[in-house]
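Undergrad: Here it is: the structure, laid out below.
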2 protein chains.
Amino acid sequence: MATPRREHLIETAARLFNAHGYHATGIDRILAEAGVAKMTLYNHFRSKDELILAVLRRRDETFRNRLMRAVEQAADTPRERLLAIFDVLGDWFRSKDFHGCMFINASAEYGAPDSAIRAASCEHKRLLTSYVEELARDAGAVEPAVLAGAVMLLIEGAIVSAQINCDCAPADQAKRAAETLIAAAIPAS
Amino acid sequence: MATPRREHLIETAARLFNAHGYHATGIDRILAEAGVAKMTLYNHFRSKDELILAVLRRRDETFRNRLMRAVEQAADTPRERLLAIFDVLGDWFRSKDFHGCMFINASAEYGAPDSAIRAASCEHKRLLTSYVEELARDAGAVEPAVLAGAVMLLIEGAIVSAQINCDCAPADQAKRAAETLIAAAIPAS
DNA sequence: TAGGATATAGACAGATCTGTATAGTTCGTC
DNA sequence: GACGAACTATACAGATCTGTCTATATCCTA
């Protein structure tokens, strides 16, 4: 299942989809940059859409793993970790391969309600929300789901703003807003 | 400048770009649905990108005008109007031609830093932020720009979440969060 | 009624797109 | 060394893409 060539195709496709978009990235370019024959791709994936789904599944794993690891390393308490999310986002925004969220961008291009690609993006956001909600609950929020939803809105908003404005300031803006929301959502000890 | 055919092309293109995306919408389809000859399009616009820019400029005007009008009709005080923004967003999310923000989607497809399309999206968001900041200042916010930035993050986040999840609940979530942020940003009278 | 601007239909160029077909090659394993 | 799986190279089909060209038609105005 996880052959080296398949892995390499997923990584190359992920890089190109991230930088240039999904429709704008042709199969031929992925093959050329990966140094792989066309039949190999179509032997591993039934179609370009299947490749996109494989890329998104991989991205979901790596993104959430890296985020959780970085957050846990950056802060010790659940409350501080909620805020540390935005510091990690800021680091991401400043990296040179930041081109917005691959799931938001995928949903922009494949936004039909019955699209499997949009559904994959939806699932990614659901898993991310679960993580935030877990932190919110551990932090003692009265309504963890409500706080998590609000923090997620700030996260999505920061990602989109940073992308459109080519500016990483939204990470700090979102952090300040999150501080206020968290303070209001957690009873004073 | 503003001939009927040019207007009709912009409206038709806007509808198709909104529903299916920019790369996925071909010139030929726009022409077929508009009932206009190809040379007429290329007589009015130098390229597809120019047409996209014209669509975005038009969308910027109509969107902000409609938003401001609806907000002013929905509430009387600046503070209530800040919150009414999210009610108007909710109405938008529930409409059947909601496919996310055309500017966010455009930036997802044309995200290069030097892209004129991304720059047009950036300008739209800047103008929208100015309006929110005006409301924040009139509402008595200590730091209107900071409050406006935070409210904008909630707006962007709500739009993206509603699109990805096919759910209009983010409008209410964002409104609740905005209430908390506004309360914290405006000194008690 | 003549002229000029604007629109039309439709062919066309040249590139690119996804996906398939075919024939040959590499390479590990028995 | 032989077998079989995986991979390569390349051509191809058929569609679609943006943009151009030409020749004709419409329509307003002078």
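Ligands are numbered from 1 in the order shown, residues from 1 within each chain, and chains are lettered A, B, ... in the order they appear in the structure tokens.
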Could you work out which residues of chain B fall inside 6 Å of chain A? Count only C-alpha atoms, and format the result as a list of chain:residue names.
TA: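 Written out as asked, the residues are B:Gly21, B:Asn105, B:Ala108, B:Glu109, B:Cys122, B:Leu153, B:Leu154, B:Glu156, B:Gly157, B:Ile164, B:Asn165.
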Undergrad: Residues as selected, C-alpha atoms, written as a PDB file, in the first residue's frame, can you do that?
TA:
```
ATOM      1  CA  GLY B  21     -15.007  28.461  -9.238  1.00  0.00           C
ATOM      2  CA  ASN B 105     -12.253  31.690  -3.189  1.00  0.00           C
ATOM      3  CA  ALA B 108      -7.460  30.357  -3.031  1.00  0.00           C
ATOM      4  CA  GLU B 109      -7.109  29.937  -6.803  1.00  0.00           C
ATOM      5  CA  CYS B 122      -7.186  42.305  -0.340  1.00  0.00           C
ATOM      6  CA  LEU B 153     -11.603  37.472  11.813  1.00  0.00           C
ATOM      7  CA  LEU B 154     -14.944  36.199  13.074  1.00  0.00           C
ATOM      8  CA  GLU B 156     -14.028  35.425   7.667  1.00  0.00           C
ATOM      9  CA  GLY B 157     -14.090  32.407   9.927  1.00  0.00           C
ATOM     10  CA  ILE B 164     -16.996  23.909   4.354  1.00  0.00           C
ATOM     11  CA  ASN B 165     -19.599  22.487   6.724  1.00  0.00           C
TER      12      ASN B 165
END
```
Undergrad: Within 12 Å of chain A, which residues of chain C show up? Give each one with its shortest atom-to-atom distance in Å (one decimal) and the two atoms involved, counting only C-alpha atoms (C1' of nucleotides), rows by chain then rising residue number, as a tab-separated table.
TA:
```
residue	atom	partner	partner_atom	distance
C:DT16	C1'	A:Gly26	CA	8.6
C:DC17	C1'	A:Gly26	CA	7.3
C:DT18	C1'	A:Ile27	CA	7.8
C:DG19	C1'	A:Ser47	CA	8.0
C:DT20	C1'	A:Met39	CA	9.1
C:DA21	C1'	A:Met39	CA	10.2
C:DT22	C1'	A:Met39	CA	11.4
```
Undergrad: Could you please determine the separation between CA of Pro4 in chain B and CA of Val36 in chain B in Å, to one decimal place?
TA: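 That distance, rounded to one decimal, is 11.2 Å.
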Undergrad: Calculated over only C-alpha atoms (C1' of nucleotides), which of the candidates D:DT10, D:DT26, D:DC3, D:DC21 has the smallest distance to chain B?
TA: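 Of the candidates, the smallest distance to chain B is held by D:DC21.
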Undergrad: Residues near range 65-67 of chain A, anyone? I mean within 8 Å using only C-alpha atoms (C1' of nucleotides), not counting same-chain ones fewer than 4 positions away, as a ChimeraX atom specification.
TA: /A:61,71,85,88
Undergrad: What's the 12 Å shell around DC12 in chain C, counting only C-alpha atoms (C1' of nucleotides), without same-chain residues fewer than 2 positions away, as number ranges by chain?
TA: C: 10, 14; D: 19-22
Undergrad: Report as a ChimeraX atom specification the set of chain D residues whose atoms approach chain B to within 9 Å, with distances computed over only C-alpha atoms (C1' of nucleotides).
TA: /D:16-19
Undergrad: Let's see if you can do this: from backbone DSSP, list all alpha helix (DSSP H) residues in chain B, as a ChimeraX atom specification.
TA: /B:4-20,27-34,38-44,48-74,78-94,102-109,116-138,144-165,169-185
Undergrad: Write out as a list of chain:residue names the residues lying within 12 Å of DA23 in chain D, counting only C-alpha atoms (C1' of nucleotides) and excluding same-chain residues fewer than 6 positions away.
TA: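 In the requested format, the answer is C:DT8, C:DA9, C:DG10, C:DA11.
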Undergrad: Just the number, please: distance in Å from CA of Ala13 in chain B to CA of Val55 in chain B, one decimal.
TA: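 Separation of CA of Ala13 in chain B and CA of Val55 in chain B: 7.1 Å.
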Undergrad: With distances taken over only C-alpha atoms, which of B:Val142, B:Ala116, B:Ala37, B:Ala14 is nearest to Asp60 in chain B?
TA: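 Closest candidate: B:Ala14.
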Undergrad: Could you check how far CA of Thr129 in chain B sits from CA of Met68 in chain B, in Å to one decimal?
TA: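 Distance reported for this atom pair: 12.2 Å.
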